[in-house]
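Below: one structure, written as structure tokens.
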Amino acid sequence: MKKRIAQIKRKTKETDITVKLNIDGTGKAKINTGIGILDHMLDLFAFHGLFDLYISAKGDLKIDIHHTNEDVGIVLGDAFKKALGAMQGIKRFGSASVPMEDVTAQVSVDISGRGFFSPINSSLADKDGYSFDYANHFLEALAKRLGMNLSIKLASANNDLHTNLEPVFKALGIALDQATQIDPRRKGVPSTKGVID
């Protein structure tokens with residue numbers, strides 16, 4: 001099987017980001033975005049998705065974290081899309097349910113070529129200012145650039161941002177791993193249209 005790897009570099013006036021991705025990895029990650037909680041969540045995503053992932057990001061963090069947070073999602077989505085190529089033989093769909101304490105995240109994905117994400121409705125934030133709004137921006141950018149329909153349901157009675165985000169990113173890694181796996185029975189693209197773009 002051809003190696004499903006990609007390296008994407010994106011430089012703007014606001015950010016300078018490099019992502020290296022191996023979809024068929026072992027879960028090794030080296031993440032440095034300058035946003036501590038995002039680094040941690042992407043470590044969990046890579047580990048549980050078994051993706052080898054390197055991310056280096058420099059951004060205008062002295063202003064705020066918005067540009068870096070969103071642009072990392074953009075470049076990661078681009079890397080997955082490039083590594084998947086023509087989507088030949090992938091399973092396309094994946095889902096996972098992951099609990100953490102009194103929180104359960106249910107994540108479903110469809111690599112359909114049509115990026116869609118409905119934001120998680122929560123006002124939680126941490127002491128450093130990262131919030132569900134930022135997580136929503138990251139996830140929306142990732143979903144749209146990859147061309148992935150991303151559905152996240154969160155059952156929570158917990159007021160801690162970390163405890164809510166951790167099962168989301170773990171479940172996302174597991175679900176995306178399932179969706180990107182090659183089904184040996186599948187010949188060609190998993191769409192009755194014959195193309196995923």
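How things are named: the first chain in the structure tokens is A, the next is B, and so on; residues count from 1 in each chain; ligands count from 1 in the order shown.
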
Assign secondary structure with DSSP using the backbone only, and return the residues of segment 55-159 of chain A in helix (DSSP H, G or I) as a JSON list (two decimals) with C-alpha atoms, in the first residue's frame.
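This is the output file states_19.json:
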```json
[["chain", "number", "residue", "atom", "x", "y", "z"],
["A", 66, "HIS", "CA", -7.61, 33.00, 17.51],
["A", 67, "HIS", "CA", -5.47, 32.94, 14.35],
["A", 68, "THR", "CA", -3.08, 30.21, 15.52],
["A", 69, "ASN", "CA", -5.89, 28.02, 16.86],
["A", 70, "GLU", "CA", -7.95, 28.23, 13.65],
["A", 71, "ASP", "CA", -4.99, 27.99, 11.27],
["A", 72, "VAL", "CA", -3.72, 24.81, 12.93],
["A", 73, "GLY", "CA", -7.15, 23.29, 12.19],
["A", 74, "ILE", "CA", -6.91, 24.46, 8.57],
["A", 75, "VAL", "CA", -3.45, 22.98, 8.02],
["A", 76, "LEU", "CA", -4.29, 19.72, 9.78],
["A", 77, "GLY", "CA", -7.39, 19.33, 7.60],
["A", 78, "ASP", "CA", -5.29, 20.01, 4.49],
["A", 79, "ALA", "CA", -2.76, 17.39, 5.61],
["A", 80, "PHE", "CA", -5.40, 14.69, 6.05],
["A", 81, "LYS", "CA", -6.96, 15.54, 2.67],
["A", 82, "LYS", "CA", -3.59, 15.39, 0.91],
["A", 83, "ALA", "CA", -2.55, 12.14, 2.64],
["A", 84, "LEU", "CA", -5.86, 10.48, 1.72],
["A", 132, "PHE", "CA", -15.30, 25.85, 23.76],
["A", 133, "ASP", "CA", -15.58, 28.74, 21.32],
["A", 134, "TYR", "CA", -11.91, 28.23, 20.40],
["A", 135, "ALA", "CA", -12.36, 24.46, 20.24],
["A", 136, "ASN", "CA", -15.35, 24.97, 17.94],
["A", 137, "HIS", "CA", -13.29, 27.21, 15.62],
["A", 138, "PHE", "CA", -10.50, 24.61, 15.49],
["A", 139, "LEU", "CA", -12.90, 21.71, 14.80],
["A", 140, "GLU", "CA", -14.84, 23.65, 12.17],
["A", 141, "ALA", "CA", -11.63, 24.55, 10.31],
["A", 142, "LEU", "CA", -10.45, 20.92, 10.45],
["A", 143, "ALA", "CA", -13.80, 19.55, 9.22],
["A", 144, "LYS", "CA", -14.19, 22.03, 6.37],
["A", 145, "ARG", "CA", -10.65, 21.67, 5.04],
["A", 146, "LEU", "CA", -10.72, 17.87, 5.22]]
```

Of the listed residues A:Ile63, A:Ile152, A:Val103, A:Ala86, that which approaches Ser118 of chain A most closely, counting only C-alpha atoms: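 Using only C-alpha atoms, the shortest distance to Ser118 of chain A belongs to A:Ile152.
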
Using only C-alpha atoms, determine which residues lie at most 9 Å from Asp183 of chain A, disregarding the query and same-chain residues fewer than 2 positions distant; provide the list as a ChimeraX atom specification. /A:89-91,181,185-187

For C-alpha atoms, I'd like the residues from the last selection saved as a short mmCIF file (atom, residue, chain, number, x, y, z; two decimals), in the first residue's frame.
```cif
data_model
loop_
_atom_site.label_atom_id
_atom_site.label_comp_id
_atom_site.auth_asym_id
_atom_site.auth_seq_id
_atom_site.Cartn_x
_atom_site.Cartn_y
_atom_site.Cartn_z
CA GLY A 89 -10.79 2.13 -0.50
CA ILE A 90 -11.30 4.07 2.73
CA LYS A 91 -14.13 3.10 5.05
CA GLN A 181 -8.83 2.66 7.33
CA ARG A 185 -13.32 -5.37 -0.01
CA ARG A 186 -13.76 -1.83 -1.30
CA LYS A 187 -12.63 -1.25 -4.86
#
```

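Near Ser56 of chain A, within a cut-off of 6 Å and counting only C-alpha atoms, sit the residues Ile17, Thr18, Asn32 and Thr33 of chain A, with same-chain residues fewer than 2 positions away left out.
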
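Interatomic distance, atom CA of Lys9 of chain A against atom CA of Asn149 of chain A: 24.1 Å.
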
I'd like to know which of A:Lys3, A:Lys20, A:Lys193, A:Lys28 is closest to Gly49 of chain A, using only C-alpha atoms.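 Checking each of A:Lys3, A:Lys20, A:Lys193, A:Lys28 against Gly49 of chain A, counting only C-alpha atoms, the winner is A:Lys28.
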
Report as a list in words all protein, DNA and RNA residues lying within 12 Å of Leu161 of chain A, evaluated on only C-alpha atoms, omitting residues in the same chain fewer than 4 positions from it. Ile37, Leu38, Met41, Met100, Val103, Ser122, Ser123, Leu124, Ala125, Asp126, Lys127, Asp128, Gly129, Tyr130, Ser131, Phe132, Asp133, Tyr134, Ala135, Ser156, Ala157, Leu165, Glu166, Pro167 and Val168 of chain A

So that I have them on file, write out the residues from the current selection with N, CA and C atoms, as a short mmCIF file (atom, residue, chain, number, x, y, z; two decimals), in the first residue's frame.
```
data_model
loop_
_atom_site.label_atom_id
_atom_site.label_comp_id
_atom_site.auth_asym_id
_atom_site.auth_seq_id
_atom_site.Cartn_x
_atom_site.Cartn_y
_atom_site.Cartn_z
N ILE A 37 -3.23 23.84 26.03
CA ILE A 37 -4.33 22.87 26.06
C ILE A 37 -4.56 22.27 24.67
N LEU A 38 -4.37 23.05 23.60
CA LEU A 38 -4.52 22.51 22.25
C LEU A 38 -3.43 21.48 21.97
N MET A 41 -4.50 18.30 23.70
CA MET A 41 -5.62 17.64 23.01
C MET A 41 -5.17 16.98 21.71
N MET A 100 -15.12 10.26 30.25
CA MET A 100 -14.11 10.73 31.20
C MET A 100 -14.87 11.31 32.39
N VAL A 103 -18.44 12.83 32.09
CA VAL A 103 -18.62 13.36 30.74
C VAL A 103 -18.47 12.22 29.73
N SER A 122 -21.50 25.33 24.55
CA SER A 122 -20.97 25.39 25.92
C SER A 122 -20.20 26.69 26.09
N SER A 123 -20.27 27.26 27.26
CA SER A 123 -19.55 28.50 27.54
C SER A 123 -18.32 28.25 28.43
N LEU A 124 -17.93 26.99 28.59
CA LEU A 124 -16.80 26.68 29.46
C LEU A 124 -15.50 27.28 28.92
N ALA A 125 -14.65 27.73 29.84
CA ALA A 125 -13.32 28.25 29.50
C ALA A 125 -12.37 27.85 30.62
N ASP A 126 -11.06 27.87 30.30
CA ASP A 126 -10.07 27.56 31.34
C ASP A 126 -9.38 28.84 31.81
N LYS A 127 -8.48 28.71 32.76
CA LYS A 127 -7.83 29.87 33.37
C LYS A 127 -6.95 30.63 32.38
N ASP A 128 -6.50 29.97 31.30
CA ASP A 128 -5.65 30.63 30.31
C ASP A 128 -6.45 31.24 29.16
N GLY A 129 -7.77 31.12 29.21
CA GLY A 129 -8.60 31.75 28.21
C GLY A 129 -9.06 30.86 27.07
N TYR A 130 -8.58 29.59 27.04
CA TYR A 130 -9.08 28.68 26.01
C TYR A 130 -10.50 28.29 26.38
N SER A 131 -11.36 28.17 25.37
CA SER A 131 -12.77 27.94 25.63
C SER A 131 -13.36 27.01 24.59
N PHE A 132 -14.61 26.64 24.77
CA PHE A 132 -15.30 25.85 23.76
C PHE A 132 -15.45 26.63 22.46
N ASP A 133 -15.53 27.96 22.55
CA ASP A 133 -15.58 28.74 21.32
C ASP A 133 -14.32 28.50 20.48
N TYR A 134 -13.16 28.50 21.13
CA TYR A 134 -11.91 28.23 20.40
C TYR A 134 -11.88 26.80 19.88
N ALA A 135 -12.31 25.85 20.70
CA ALA A 135 -12.36 24.46 20.24
C ALA A 135 -13.28 24.32 19.04
N SER A 156 -22.80 15.92 29.58
CA SER A 156 -21.90 16.42 30.61
C SER A 156 -22.66 17.02 31.78
N ALA A 157 -22.12 16.73 32.96
CA ALA A 157 -22.59 17.40 34.16
C ALA A 157 -21.39 18.03 34.86
N LEU A 165 -13.25 18.50 27.01
CA LEU A 165 -12.54 18.43 25.73
C LEU A 165 -11.78 17.12 25.53
N GLU A 166 -11.23 16.57 26.61
CA GLU A 166 -10.39 15.38 26.46
C GLU A 166 -11.13 14.21 25.80
N PRO A 167 -12.33 13.83 26.25
CA PRO A 167 -13.00 12.73 25.56
C PRO A 167 -13.40 13.07 24.12
N VAL A 168 -13.62 14.36 23.83
CA VAL A 168 -13.93 14.77 22.46
C VAL A 168 -12.75 14.46 21.54
#
```

As an MDAnalysis selection string, please: every residue in segment 85-139 of chain A that DSSP puts in strand (DSSP E). chainID A and resid 93:100 103:111 116:117

Include N, CA and C atoms and write out the residues we just selected as a PDB file, in the first residue's frame.
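Okay, selection_32.pdb is ready:
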```
ATOM      1  N   PHE A  93     -16.631   6.225   7.017  1.00  0.00           N
ATOM      2  CA  PHE A  93     -17.384   6.533   8.237  1.00  0.00           C
ATOM      3  C   PHE A  93     -16.652   6.013   9.473  1.00  0.00           C
ATOM      4  N   GLY A  94     -16.825   6.703  10.583  1.00  0.00           N
ATOM      5  CA  GLY A  94     -16.279   6.238  11.848  1.00  0.00           C
ATOM      6  C   GLY A  94     -17.033   6.878  12.999  1.00  0.00           C
ATOM      7  N   SER A  95     -17.075   6.180  14.119  1.00  0.00           N
ATOM      8  CA  SER A  95     -17.708   6.763  15.307  1.00  0.00           C
ATOM      9  C   SER A  95     -17.096   6.155  16.558  1.00  0.00           C
ATOM     10  N   ALA A  96     -17.100   6.945  17.619  1.00  0.00           N
ATOM     11  CA  ALA A  96     -16.563   6.483  18.891  1.00  0.00           C
ATOM     12  C   ALA A  96     -17.244   7.230  20.026  1.00  0.00           C
ATOM     13  N   SER A  97     -17.397   6.524  21.130  1.00  0.00           N
ATOM     14  CA  SER A  97     -17.929   7.105  22.350  1.00  0.00           C
ATOM     15  C   SER A  97     -16.873   6.933  23.437  1.00  0.00           C
ATOM     16  N   VAL A  98     -16.471   8.036  24.053  1.00  0.00           N
ATOM     17  CA  VAL A  98     -15.405   7.997  25.057  1.00  0.00           C
ATOM     18  C   VAL A  98     -15.881   8.716  26.321  1.00  0.00           C
ATOM     19  N   PRO A  99     -15.794   8.036  27.476  1.00  0.00           N
ATOM     20  CA  PRO A  99     -16.148   8.698  28.736  1.00  0.00           C
ATOM     21  C   PRO A  99     -14.915   9.246  29.453  1.00  0.00           C
ATOM     22  N   MET A 100     -15.122  10.256  30.255  1.00  0.00           N
ATOM     23  CA  MET A 100     -14.113  10.734  31.203  1.00  0.00           C
ATOM     24  C   MET A 100     -14.875  11.309  32.388  1.00  0.00           C
ATOM     25  N   VAL A 103     -18.437  12.834  32.087  1.00  0.00           N
ATOM     26  CA  VAL A 103     -18.623  13.358  30.735  1.00  0.00           C
ATOM     27  C   VAL A 103     -18.472  12.222  29.727  1.00  0.00           C
ATOM     28  N   THR A 104     -19.343  12.180  28.729  1.00  0.00           N
ATOM     29  CA  THR A 104     -19.198  11.238  27.621  1.00  0.00           C
ATOM     30  C   THR A 104     -19.307  12.003  26.315  1.00  0.00           C
ATOM     31  N   ALA A 105     -18.321  11.775  25.435  1.00  0.00           N
ATOM     32  CA  ALA A 105     -18.338  12.398  24.105  1.00  0.00           C
ATOM     33  C   ALA A 105     -18.643  11.329  23.070  1.00  0.00           C
ATOM     34  N   GLN A 106     -19.608  11.610  22.212  1.00  0.00           N
ATOM     35  CA  GLN A 106     -19.948  10.738  21.085  1.00  0.00           C
ATOM     36  C   GLN A 106     -19.570  11.495  19.810  1.00  0.00           C
ATOM     37  N   VAL A 107     -18.626  10.942  19.051  1.00  0.00           N
ATOM     38  CA  VAL A 107     -18.140  11.598  17.839  1.00  0.00           C
ATOM     39  C   VAL A 107     -18.384  10.686  16.650  1.00  0.00           C
ATOM     40  N   SER A 108     -18.994  11.241  15.595  1.00  0.00           N
ATOM     41  CA  SER A 108     -19.220  10.523  14.340  1.00  0.00           C
ATOM     42  C   SER A 108     -18.653  11.351  13.202  1.00  0.00           C
ATOM     43  N   VAL A 109     -17.997  10.670  12.248  1.00  0.00           N
ATOM     44  CA  VAL A 109     -17.418  11.370  11.110  1.00  0.00           C
ATOM     45  C   VAL A 109     -17.809  10.682   9.808  1.00  0.00           C
ATOM     46  N   ASP A 110     -17.887  11.489   8.770  1.00  0.00           N
ATOM     47  CA  ASP A 110     -18.116  11.013   7.407  1.00  0.00           C
ATOM     48  C   ASP A 110     -17.204  11.831   6.501  1.00  0.00           C
ATOM     49  N   ILE A 111     -16.198  11.167   5.930  1.00  0.00           N
ATOM     50  CA  ILE A 111     -15.304  11.852   4.992  1.00  0.00           C
ATOM     51  C   ILE A 111     -15.997  11.836   3.632  1.00  0.00           C
ATOM     52  N   PHE A 116     -18.718  19.810   7.243  1.00  0.00           N
ATOM     53  CA  PHE A 116     -19.797  20.356   8.065  1.00  0.00           C
ATOM     54  C   PHE A 116     -19.490  20.090   9.525  1.00  0.00           C
ATOM     55  N   PHE A 117     -19.743  21.091  10.358  1.00  0.00           N
ATOM     56  CA  PHE A 117     -19.602  20.938  11.799  1.00  0.00           C
ATOM     57  C   PHE A 117     -20.582  21.868  12.483  1.00  0.00           C
TER      58      PHE A 117
END
```

Report the distance between atom CA of Ala29 of chain A and atom CA of Arg92 of chain A in Å, rounded to one decimal place.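 Those two atoms sit 23.7 Å apart.
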
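The gap separating atom CA of Gly85 of chain A from atom CA of Pro184 of chain A is 17.0 Å, in Å to one decimal.
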
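Closest approach to Ala179 of chain A from the set A:Gln88, A:Thr12, A:Asn158, A:Gln7 is made by A:Gln88, with distances taken over only C-alpha atoms.
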
Surrounding residues of Thr26 of chain A excluding itself and chain neighbours under 2 positions, 8 Å, only C-alpha atoms, as a CSV table (one decimal) with N, CA and C atoms, in the first residue's frame:
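Output file part_38.csv follows:
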```
chain,number,residue,atom,x,y,z
A,24,ASP,N,-1.1,6.2,8.8
A,24,ASP,CA,-0.9,4.8,9.2
A,24,ASP,C,0.3,4.7,10.2
A,28,LYS,N,2.7,8.4,17.5
A,28,LYS,CA,3.8,9.3,17.9
A,28,LYS,C,3.4,10.8,17.6
A,47,PHE,N,-2.5,10.0,19.5
A,47,PHE,CA,-2.2,8.8,20.3
A,47,PHE,C,-3.3,7.8,20.1
A,50,LEU,N,-3.8,6.7,16.4
A,50,LEU,CA,-2.6,6.1,15.9
A,50,LEU,C,-2.0,6.8,14.6
A,51,PHE,N,-2.1,8.1,14.7
A,51,PHE,CA,-1.5,9.0,13.7
A,51,PHE,C,-0.2,9.5,14.1
A,52,ASP,N,0.8,9.4,13.3
A,52,ASP,CA,2.1,10.1,13.6
A,52,ASP,C,1.9,11.5,13.2
```

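Remark: for His162 of chain A, the closest of the candidate residues A:His40, A:Lys30, A:Lys11, A:Lys2 is A:His40 (distances computed over only C-alpha atoms).
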